[in-house]
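Next comes target10.cif, a file with mmCIF, C-alpha atoms.
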```
data_final
#
loop_
_atom_site.label_atom_id
_atom_site.label_comp_id
_atom_site.auth_asym_id
_atom_site.auth_seq_id
_atom_site.Cartn_x
_atom_site.Cartn_y
_atom_site.Cartn_z
CA MET A 1 62.03 -97.55 59.33
CA LYS A 2 58.89 -95.58 60.10
CA PHE A 3 58.82 -91.79 60.22
CA ALA A 4 56.34 -89.64 62.15
CA VAL A 5 55.56 -86.18 60.78
CA ILE A 6 54.11 -84.17 63.66
CA GLN A 7 51.23 -81.83 62.88
CA PHE A 8 50.91 -78.90 65.27
CA PRO A 9 48.06 -76.40 64.89
CA GLY A 10 49.64 -73.92 62.47
CA SER A 11 52.17 -76.29 60.89
CA ASN A 12 52.23 -75.68 57.14
CA CYS A 13 55.16 -77.73 55.81
CA ASP A 14 53.90 -81.08 57.11
CA ILE A 15 52.73 -82.22 53.67
CA ASP A 16 56.08 -81.22 52.12
CA LEU A 17 57.91 -83.41 54.64
CA TYR A 18 55.50 -86.29 54.15
CA GLU A 19 55.80 -86.18 50.36
CA ALA A 20 59.60 -85.86 50.44
CA LEU A 21 59.79 -89.00 52.56
CA HIS A 22 56.90 -91.00 51.12
CA THR A 23 56.60 -90.10 47.44
CA VAL A 24 60.21 -89.22 46.69
CA CYS A 25 62.11 -91.57 49.01
CA GLY A 26 59.52 -94.34 49.25
CA ALA A 27 59.76 -94.34 53.04
CA ASP A 28 57.12 -95.48 55.49
CA VAL A 29 55.67 -92.33 57.03
CA ALA A 30 52.55 -91.23 58.89
CA TYR A 31 51.16 -87.97 60.21
CA VAL A 32 50.84 -87.71 63.98
CA PRO A 33 48.72 -84.85 65.35
CA SER A 34 50.34 -83.07 68.30
CA LYS A 35 47.37 -83.96 70.53
CA GLU A 36 48.47 -87.61 70.41
CA SER A 37 50.72 -88.75 73.22
CA SER A 38 52.48 -91.79 71.80
CA LEU A 39 55.11 -92.41 69.13
CA ASP A 40 55.13 -96.17 69.63
CA GLY A 41 56.14 -97.95 66.45
CA PHE A 42 58.03 -94.98 65.00
CA ASP A 43 61.77 -94.91 64.45
CA ALA A 44 62.24 -91.24 63.59
CA VAL A 45 60.30 -88.04 64.16
CA MET A 46 60.10 -84.99 61.89
CA LEU A 47 58.94 -81.54 63.05
CA PRO A 48 57.69 -79.42 60.14
CA GLY A 49 57.91 -75.73 59.42
CA GLY A 50 55.04 -73.32 59.82
CA PHE A 51 53.69 -71.13 62.57
CA SER A 52 52.62 -73.43 65.36
CA TYR A 53 50.19 -71.63 67.66
CA GLY A 54 50.62 -68.51 65.55
CA ASP A 55 54.13 -67.98 66.94
CA TYR A 56 52.39 -66.52 70.02
CA LEU A 57 54.80 -65.50 72.78
CA ARG A 58 57.85 -66.73 70.84
CA ALA A 59 58.17 -68.94 67.78
CA GLY A 60 57.88 -72.54 68.97
CA ALA A 61 57.22 -71.65 72.60
CA ILE A 62 53.65 -72.94 72.91
CA ALA A 63 54.16 -76.12 70.87
CA ARG A 64 56.42 -77.34 73.64
CA PHE A 65 53.34 -77.88 75.81
CA THR A 66 51.50 -80.20 73.41
CA ASN A 67 50.68 -83.80 74.35
CA ILE A 68 53.18 -85.25 71.90
CA MET A 69 56.24 -83.46 73.29
CA PRO A 70 57.12 -85.98 76.05
CA ALA A 71 57.14 -88.74 73.41
CA ILE A 72 59.45 -86.64 71.20
CA VAL A 73 61.78 -86.07 74.16
CA GLU A 74 61.78 -89.84 74.76
CA MET A 75 62.73 -90.49 71.11
CA ALA A 76 65.58 -87.98 71.43
CA LYS A 77 66.78 -89.59 74.66
CA ALA A 78 66.64 -93.02 73.03
CA GLY A 79 69.04 -91.81 70.34
CA LYS A 80 66.49 -92.00 67.51
CA PRO A 81 66.63 -89.42 64.70
CA VAL A 82 64.69 -86.26 65.57
CA PHE A 83 64.60 -83.60 62.86
CA GLY A 84 63.13 -80.11 62.87
CA THR A 85 63.12 -77.61 60.02
CA CYS A 86 62.25 -73.93 60.42
CA ASN A 87 59.47 -73.82 63.04
CA GLY A 88 60.49 -77.38 63.91
CA PHE A 89 63.99 -76.06 64.76
CA GLN A 90 62.44 -73.29 66.87
CA ILE A 91 60.34 -75.86 68.75
CA LEU A 92 63.39 -78.07 69.39
CA THR A 93 65.31 -75.15 70.94
CA GLU A 94 62.28 -74.07 73.00
CA ALA A 95 61.98 -77.66 74.25
CA SER A 96 65.71 -77.58 75.17
CA LEU A 97 66.41 -80.54 72.89
CA LEU A 98 68.84 -78.22 71.10
CA PRO A 99 70.97 -75.41 72.56
CA GLY A 100 70.49 -71.70 71.83
CA ALA A 101 67.49 -69.85 70.47
CA LEU A 102 66.13 -68.41 67.22
CA LYS A 103 65.46 -64.69 67.36
CA ARG A 104 64.01 -62.13 64.97
CA ASN A 105 66.05 -61.68 61.77
CA ASP A 106 68.43 -58.74 62.08
CA SER A 107 66.78 -57.19 59.00
CA LEU A 108 63.35 -57.51 60.71
CA LYS A 109 62.14 -58.89 57.36
CA PHE A 110 60.62 -62.23 56.45
CA VAL A 111 63.26 -63.68 54.12
CA CYS A 112 62.09 -66.12 51.43
CA LYS A 113 64.80 -67.18 48.98
CA THR A 114 67.31 -69.88 48.14
CA VAL A 115 70.63 -69.59 49.97
CA GLU A 116 73.98 -71.32 49.73
CA LEU A 117 75.03 -73.50 52.63
CA GLU A 118 78.21 -75.29 53.53
CA VAL A 119 77.94 -78.80 54.89
CA VAL A 120 80.24 -78.32 57.86
CA ASN A 121 79.83 -81.78 59.37
CA ASN A 122 78.96 -84.82 57.25
CA ASP A 123 79.65 -87.24 60.07
CA THR A 124 76.03 -87.27 61.26
CA ILE A 125 73.07 -89.55 60.60
CA PHE A 126 71.48 -86.65 58.68
CA THR A 127 74.37 -85.65 56.41
CA SER A 128 76.41 -88.77 55.61
CA GLU A 129 75.40 -88.56 51.93
CA TYR A 130 77.02 -85.14 51.59
CA GLN A 131 80.70 -84.29 51.33
CA LYS A 132 82.33 -82.31 54.11
CA GLY A 133 82.73 -78.74 52.91
CA GLU A 134 80.27 -79.27 50.06
CA LYS A 135 78.21 -76.24 49.00
CA ILE A 136 74.49 -76.83 48.55
CA ASN A 137 71.51 -74.57 47.91
CA LEU A 138 68.33 -74.76 49.96
CA PRO A 139 65.31 -72.49 50.34
CA ILE A 140 64.69 -70.52 53.50
CA ALA A 141 61.44 -68.80 54.50
CA HIS A 142 61.40 -67.27 57.96
CA ALA A 143 61.30 -64.10 60.06
CA ASP A 144 62.75 -65.60 63.24
CA GLY A 145 65.83 -67.50 62.15
CA SER A 146 68.71 -65.65 63.70
CA PHE A 147 70.54 -68.26 65.75
CA TYR A 148 71.71 -66.98 69.10
CA ALA A 149 73.58 -68.62 71.97
CA ASP A 150 75.81 -67.14 74.64
CA LEU A 151 79.54 -67.27 73.95
CA GLU A 152 80.18 -70.25 76.16
CA THR A 153 77.43 -72.31 74.52
CA LEU A 154 78.53 -71.21 71.06
CA GLN A 155 82.09 -72.31 71.76
CA LYS A 156 80.88 -75.63 73.05
CA ILE A 157 78.74 -76.46 70.02
CA GLU A 158 81.56 -75.41 67.69
CA ASP A 159 84.10 -77.54 69.57
CA ASN A 160 81.76 -80.54 69.61
CA GLY A 161 81.17 -80.40 65.85
CA GLN A 162 77.48 -79.70 66.42
CA VAL A 163 77.35 -77.07 63.67
CA VAL A 164 76.17 -79.02 60.64
CA PHE A 165 75.19 -76.30 58.17
CA ARG A 166 76.50 -72.75 57.81
CA TYR A 167 75.35 -69.97 55.48
CA SER A 168 78.31 -69.65 53.16
CA LYS A 169 77.69 -66.74 50.79
CA GLU A 170 75.51 -64.38 52.75
CA ASN A 171 74.10 -64.46 56.24
CA PRO A 172 70.37 -63.91 55.64
CA ASN A 173 69.27 -63.38 59.24
CA GLY A 174 72.17 -62.40 61.50
CA SER A 175 72.81 -65.88 62.89
CA LEU A 176 75.93 -66.05 65.04
CA ASN A 177 78.83 -67.80 63.28
CA ASN A 178 76.56 -68.02 60.17
CA ILE A 179 74.87 -71.03 61.77
CA ALA A 180 72.01 -72.54 59.72
CA GLY A 181 71.68 -75.93 61.42
CA ILE A 182 72.94 -77.69 64.55
CA THR A 183 72.65 -81.03 66.29
CA ASN A 184 72.49 -81.89 69.96
CA GLU A 185 75.65 -83.17 71.62
CA ARG A 186 74.82 -86.78 70.82
CA GLY A 187 74.13 -85.96 67.18
CA ASN A 188 70.69 -87.56 66.86
CA VAL A 189 68.65 -84.32 66.97
CA LEU A 190 69.06 -81.89 64.06
CA GLY A 191 67.44 -78.48 63.73
CA MET A 192 67.90 -76.23 60.71
CA MET A 193 66.21 -73.12 59.35
CA PRO A 194 66.51 -74.09 55.63
CA HIS A 195 63.93 -76.41 54.08
CA PRO A 196 65.50 -79.58 52.59
CA GLU A 197 62.01 -81.00 52.01
CA ARG A 198 61.37 -78.26 49.44
CA ALA A 199 64.40 -79.30 47.39
CA VAL A 200 63.88 -82.97 46.57
CA GLU A 201 62.63 -83.06 42.95
CA ALA A 202 64.51 -82.12 39.77
CA LEU A 203 61.22 -81.03 38.23
CA LEU A 204 60.98 -78.33 40.89
CA GLY A 205 64.51 -77.15 40.20
CA ASN A 206 66.57 -78.40 43.11
CA THR A 207 67.43 -81.76 44.67
CA ASP A 208 70.05 -80.63 47.18
CA GLY A 209 67.79 -81.51 50.11
CA LEU A 210 67.16 -85.08 49.03
CA ARG A 211 70.36 -86.54 50.46
CA LEU A 212 69.42 -85.43 53.96
CA PHE A 213 66.47 -87.83 53.92
CA LYS A 214 68.53 -90.51 52.14
CA SER A 215 71.19 -90.18 54.86
CA ILE A 216 68.63 -90.97 57.56
CA LEU A 217 67.35 -93.94 55.57
CA ASP A 218 70.92 -95.18 54.93
CA HIS A 219 71.65 -94.97 58.61
CA ALA A 220 68.60 -97.13 59.36
CA GLU A 221 69.72 -99.71 56.80
CA VAL A 222 73.24 -99.89 58.20
CA LYS A 223 71.81 -100.36 61.66
CA ALA A 224 69.43 -103.09 60.49
CA MET B 225 43.79 -60.53 93.75
CA THR B 226 47.13 -59.13 92.74
CA THR B 227 47.98 -57.83 89.31
CA VAL B 228 51.61 -58.15 88.42
CA ARG B 229 53.30 -56.64 85.38
CA ILE B 230 56.11 -58.87 84.12
CA TYR B 231 58.59 -57.26 81.75
CA VAL B 232 60.55 -59.45 79.35
CA THR B 233 63.49 -58.02 77.40
CA TYR B 234 66.51 -59.25 75.54
CA LYS B 235 69.60 -59.64 77.70
CA GLN B 236 71.93 -56.66 77.52
CA SER B 237 74.38 -58.60 75.33
CA VAL B 238 71.77 -59.57 72.71
CA PHE B 239 71.32 -57.41 69.61
CA ASP B 240 67.80 -55.95 69.47
CA PRO B 241 67.07 -55.17 65.80
CA GLN B 242 63.68 -53.58 66.54
CA GLY B 243 65.26 -51.28 69.11
CA GLU B 244 67.88 -50.22 66.60
CA ALA B 245 65.30 -49.54 63.85
CA ILE B 246 63.23 -47.44 66.26
CA THR B 247 66.30 -45.53 67.46
CA ASN B 248 67.13 -44.68 63.84
CA SER B 249 63.57 -43.47 63.24
CA ILE B 250 63.72 -41.29 66.35
CA HIS B 251 66.96 -39.78 65.06
CA SER B 252 65.30 -39.02 61.75
CA LEU B 253 62.71 -37.03 63.75
CA GLY B 254 65.61 -34.89 64.96
CA HIS B 255 65.86 -36.30 68.49
CA ASP B 256 69.60 -36.79 68.54
CA GLU B 257 69.47 -36.69 72.34
CA VAL B 258 67.97 -40.21 72.27
CA LYS B 259 70.90 -42.57 72.56
CA GLY B 260 69.16 -45.91 72.46
CA VAL B 261 65.86 -47.80 72.57
CA LYS B 262 65.37 -51.36 73.78
CA VAL B 263 62.13 -53.12 72.89
CA GLY B 264 60.54 -55.59 75.24
CA LYS B 265 57.12 -56.91 76.11
CA PHE B 266 55.03 -57.03 79.24
CA PHE B 267 52.37 -59.32 80.64
CA ASP B 268 49.76 -58.17 83.15
CA VAL B 269 49.04 -61.26 85.19
CA THR B 270 46.20 -61.44 87.68
CA ILE B 271 46.93 -63.84 90.50
CA GLU B 272 44.67 -65.07 93.25
CA GLU B 273 46.64 -65.33 96.42
CA GLY B 274 46.57 -68.69 98.12
CA ASP B 275 49.17 -70.75 99.89
CA LYS B 276 51.77 -69.88 97.31
CA PRO B 277 53.34 -66.42 97.54
CA VAL B 278 52.73 -64.24 94.47
CA ALA B 279 56.47 -63.84 93.95
CA GLU B 280 56.86 -67.58 93.65
CA THR B 281 54.09 -67.85 91.05
CA VAL B 282 55.67 -65.02 89.06
CA LYS B 283 59.06 -66.70 89.18
CA GLU B 284 57.68 -70.06 88.09
CA ILE B 285 55.60 -68.86 85.15
CA SER B 286 58.40 -66.59 83.99
CA GLU B 287 61.04 -69.27 84.11
CA GLU B 288 58.86 -72.02 82.68
CA LEU B 289 57.15 -70.09 79.89
CA LEU B 290 57.32 -66.32 79.55
CA VAL B 291 61.10 -65.99 79.32
CA ASN B 292 63.60 -67.79 77.12
CA PHE B 293 66.73 -67.52 79.21
CA ASN B 294 68.96 -68.22 76.23
CA MET B 295 68.33 -64.65 75.09
CA GLU B 296 65.92 -62.93 77.47
CA THR B 297 65.66 -61.69 81.02
CA TYR B 298 62.75 -60.36 83.10
CA SER B 299 61.66 -58.14 85.94
CA TYR B 300 58.27 -57.38 87.44
CA LYS B 301 56.33 -54.98 89.56
CA ILE B 302 53.06 -55.22 91.42
CA LEU B 303 50.42 -52.99 89.82
CA GLU B 304 47.47 -53.57 92.07
CA GLU B 305 46.60 -55.41 95.22
CA GLU B 306 43.03 -55.91 96.42
#
```
Take the structure I supplied and represent it as structure tokens, if you would.
Amino acid sequence: MKFAVIQFPGSNCDIDLYEALHTVCGADVAYVPSKESSLDGFDAVMLPGGFSYGDYLRAGAIARFTNIMPAIVEMAKAGKPVFGTCNGFQILTEASLLPGALKRNDSLKFVCKTVELEVVNNDTIFTSEYQKGEKINLPIAHADGSFYADLETLQKIEDNGQVVFRYSKENPNGSLNNIAGITNERGNVLGMMPHPERAVEALLGNTDGLRLFKSILDHAEVKA
Amino acid sequence: MTTVRIYVTYKQSVFDPQGEAITNSIHSLGHDEVKGVKVGKFFDVTIEEGDKPVAETVKEISEELLVNFNMETYSYKILEEE
């Protein structure tokens, strides 16, 4: 299974994602600059955190127009794993690969800390290694992470089991229904504000993010 | 050339934290008569008129880029026509 880590101008968590997959999980992974237009040969695509295009207009709004986006949409349509963390999540909503939007934190502050999450749905290709209802801790670092969707959309994603992670102790940004991460209807596109790639090594104090990457790799093995 | 000012704001139902913070600051200045502030942004767009009506260009660029309809709405007015 080969992973693509997309590098947009202004991405700054691309190396974290690469190392989590390559060094920690031993996966086959390559960087793909957003000016490229093909993802041929890749089985999964990872959108990193950061500030693509300086968050101009809205976080993630300009990245949608990069050359690589049609190929990412194709991967999503083909049912392949597409993952976005932080700015990657914002880009996925702006590209309409995920419902809703991420707006400015209610506190208006950039929040950088570790928060507790509940794994709401472990029946996804991204979370099968977790227990349903399990509490995990992951770092967040964002100013625009308040998940918003209109009531009808919110009801739909709740009913479909698309909410995968919820903030469980405190809501750090004002997200509706304490939502921290959601999938698309089909379940092969996951966006989340927390950073699992920053919690993959015991030496750095936290390995709660590791099983997310292992889940994707397990899924590939089962399929193969 | 036509210059159009496009205003983008949160939908009425969406909480605007900046607006609330500014309202609170205005109250601390003693202006209790101010009952609310909504923050938005505007874009002054200069358009050369051709076959396509200006209104259509405004609609297209707003819907395709300037506005995120999940949370925002827009309006516009024509500033200048030459």
Go through A:Phe65, A:Phe3, A:Phe8, A:Phe51 one by one, measure the shortest atom-to-atom distance of each to His142 of chain A using only C-alpha atoms, and give the residue with the smallest value. A:Phe51
Quick one: residues within 8 Å of Tyr300 of chain B, all atoms listed in the file counted, chain neighbours fewer than 5 positions away excluded, as a PyMOL selection string? chain B and resi 228-231
Specify as a list in words all residues of chain A found within 7 Å of chain B, counting only C-alpha atoms.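 Within 7 Å of chain B on chain A, we get Gly100, Ala101, Asp106, Leu108 and Ala149 of chain A.
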To one decimal in Å, tell me the separation between atom CA of Gly243 of chain B and atom CA of Ala59 of chain A. 19.1 Å
Tell me which of A:Asn177, A:Asn12, A:Asn122, A:Thr183 sits closest to Asn87 of chain A, counting all atoms listed in the file. A:Asn12
Could you list the residues chosen by the PyMOL selection byres ((chain B and resi 227) around 12) in this structure as a list of chain:residue names?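 Applied to this file, the PyMOL selection byres ((chain B and resi 227) around 12) returns B:Met225, B:Thr226, B:Val228, B:Arg229, B:Ile230, B:Phe267, B:Asp268, B:Val269, B:Thr270, B:Ile271, B:Glu272, B:Glu273, B:Val278, B:Ala279, B:Thr281, B:Val282, B:Tyr300, B:Lys301, B:Ile302, B:Leu303, B:Glu304, B:Glu305, B:Glu306.
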Please produce an output containing C-alpha atoms for each residue in the selection, written as a PDB file, in the coordinates of the input.
```
ATOM      1  CA  MET B 225      43.790 -60.530  93.750  1.00  0.00           C
ATOM      2  CA  THR B 226      47.130 -59.130  92.740  1.00  0.00           C
ATOM      3  CA  VAL B 228      51.610 -58.150  88.420  1.00  0.00           C
ATOM      4  CA  ARG B 229      53.300 -56.640  85.380  1.00  0.00           C
ATOM      5  CA  ILE B 230      56.110 -58.870  84.120  1.00  0.00           C
ATOM      6  CA  PHE B 267      52.370 -59.320  80.640  1.00  0.00           C
ATOM      7  CA  ASP B 268      49.760 -58.170  83.150  1.00  0.00           C
ATOM      8  CA  VAL B 269      49.040 -61.260  85.190  1.00  0.00           C
ATOM      9  CA  THR B 270      46.200 -61.440  87.680  1.00  0.00           C
ATOM     10  CA  ILE B 271      46.930 -63.840  90.500  1.00  0.00           C
ATOM     11  CA  GLU B 272      44.670 -65.070  93.250  1.00  0.00           C
ATOM     12  CA  GLU B 273      46.640 -65.330  96.420  1.00  0.00           C
ATOM     13  CA  VAL B 278      52.730 -64.240  94.470  1.00  0.00           C
ATOM     14  CA  ALA B 279      56.470 -63.840  93.950  1.00  0.00           C
ATOM     15  CA  THR B 281      54.090 -67.850  91.050  1.00  0.00           C
ATOM     16  CA  VAL B 282      55.670 -65.020  89.060  1.00  0.00           C
ATOM     17  CA  TYR B 300      58.270 -57.380  87.440  1.00  0.00           C
ATOM     18  CA  LYS B 301      56.330 -54.980  89.560  1.00  0.00           C
ATOM     19  CA  ILE B 302      53.060 -55.220  91.420  1.00  0.00           C
ATOM     20  CA  LEU B 303      50.420 -52.990  89.820  1.00  0.00           C
ATOM     21  CA  GLU B 304      47.470 -53.570  92.070  1.00  0.00           C
ATOM     22  CA  GLU B 305      46.600 -55.410  95.220  1.00  0.00           C
ATOM     23  CA  GLU B 306      43.030 -55.910  96.420  1.00  0.00           C
TER      24      GLU B 306
END
```
Could you tell me how far atom CA of Ala61 of chain A lies from atom CA of His195 of chain A, in Å and to one decimal?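 If I compute the distance from atom CA of Ala61 of chain A to atom CA of His195 of chain A, I get 20.3 Å.
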For atom CA of Met46 of chain A and atom CA of Gly84 of chain A, the interatomic separation in Å (one decimal): 5.8 Å
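When you apply the PyMOL selection byres ((chain A and resi 187-190) around 8) to this structure, what comes back is Ala76, Gly79, Lys80, Pro81, Val82, Phe83, Gly84, Phe89, Leu97, Leu98, Thr124, Ile125, Phe126, Gln162, Gly181, Ile182, Thr183, Asn184, Glu185, Arg186, Gly191 and Met192 of chain A.
Of the listed residues A:Arg166, A:Arg104, A:Lys77, A:His22, the one whose atoms come nearest to Val119 of chain A is A:Arg166, with distances taken using all atoms listed in the file.
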Size and centre in Å, one decimal, axis-aligned box, all listed segment 5-20 of chain A atoms plus 6 Å per side, as lines of an AutoDock Vina configuration file:
```
center_x = 53.8
center_y = -80.1
center_z = 57.8
size_x = 23.5
size_y = 24.4
size_z = 26.9
```
So what does the PyMOL selection byres ((chain A and resi 129) around 6) actually pick up in this one, as a PyMOL selection string? chain A and resi 127-128+130+211+215
Skip Ile62 of chain A itself and residues of its chain fewer than 5 positions away, then list as a list in words all residues within 9 Å of it, counting only C-alpha atoms. Ser52, Tyr53, Asp55, Tyr56, Leu57, Ile91 and Glu94 of chain A; Leu289 of chain B
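Proximity of B:Glu280, B:Ser299, B:Ser286, B:Gly264 to Thr233 of chain B, computed with only C-alpha atoms, is greatest for B:Gly264.
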Between B:Ile246, B:Ile285, B:Gly274, B:Tyr298, which one has atoms that come closest to Val258 of chain B, using only C-alpha atoms? B:Ile246
Could you name the residues that touch Ala30 of chain A at 8 Å or less, counting all atoms listed in the file, but leaving out those on the same chain fewer than 4 positions away, as a list in words? Lys2, Phe3, Ala4, Val5 and Tyr18 of chain A
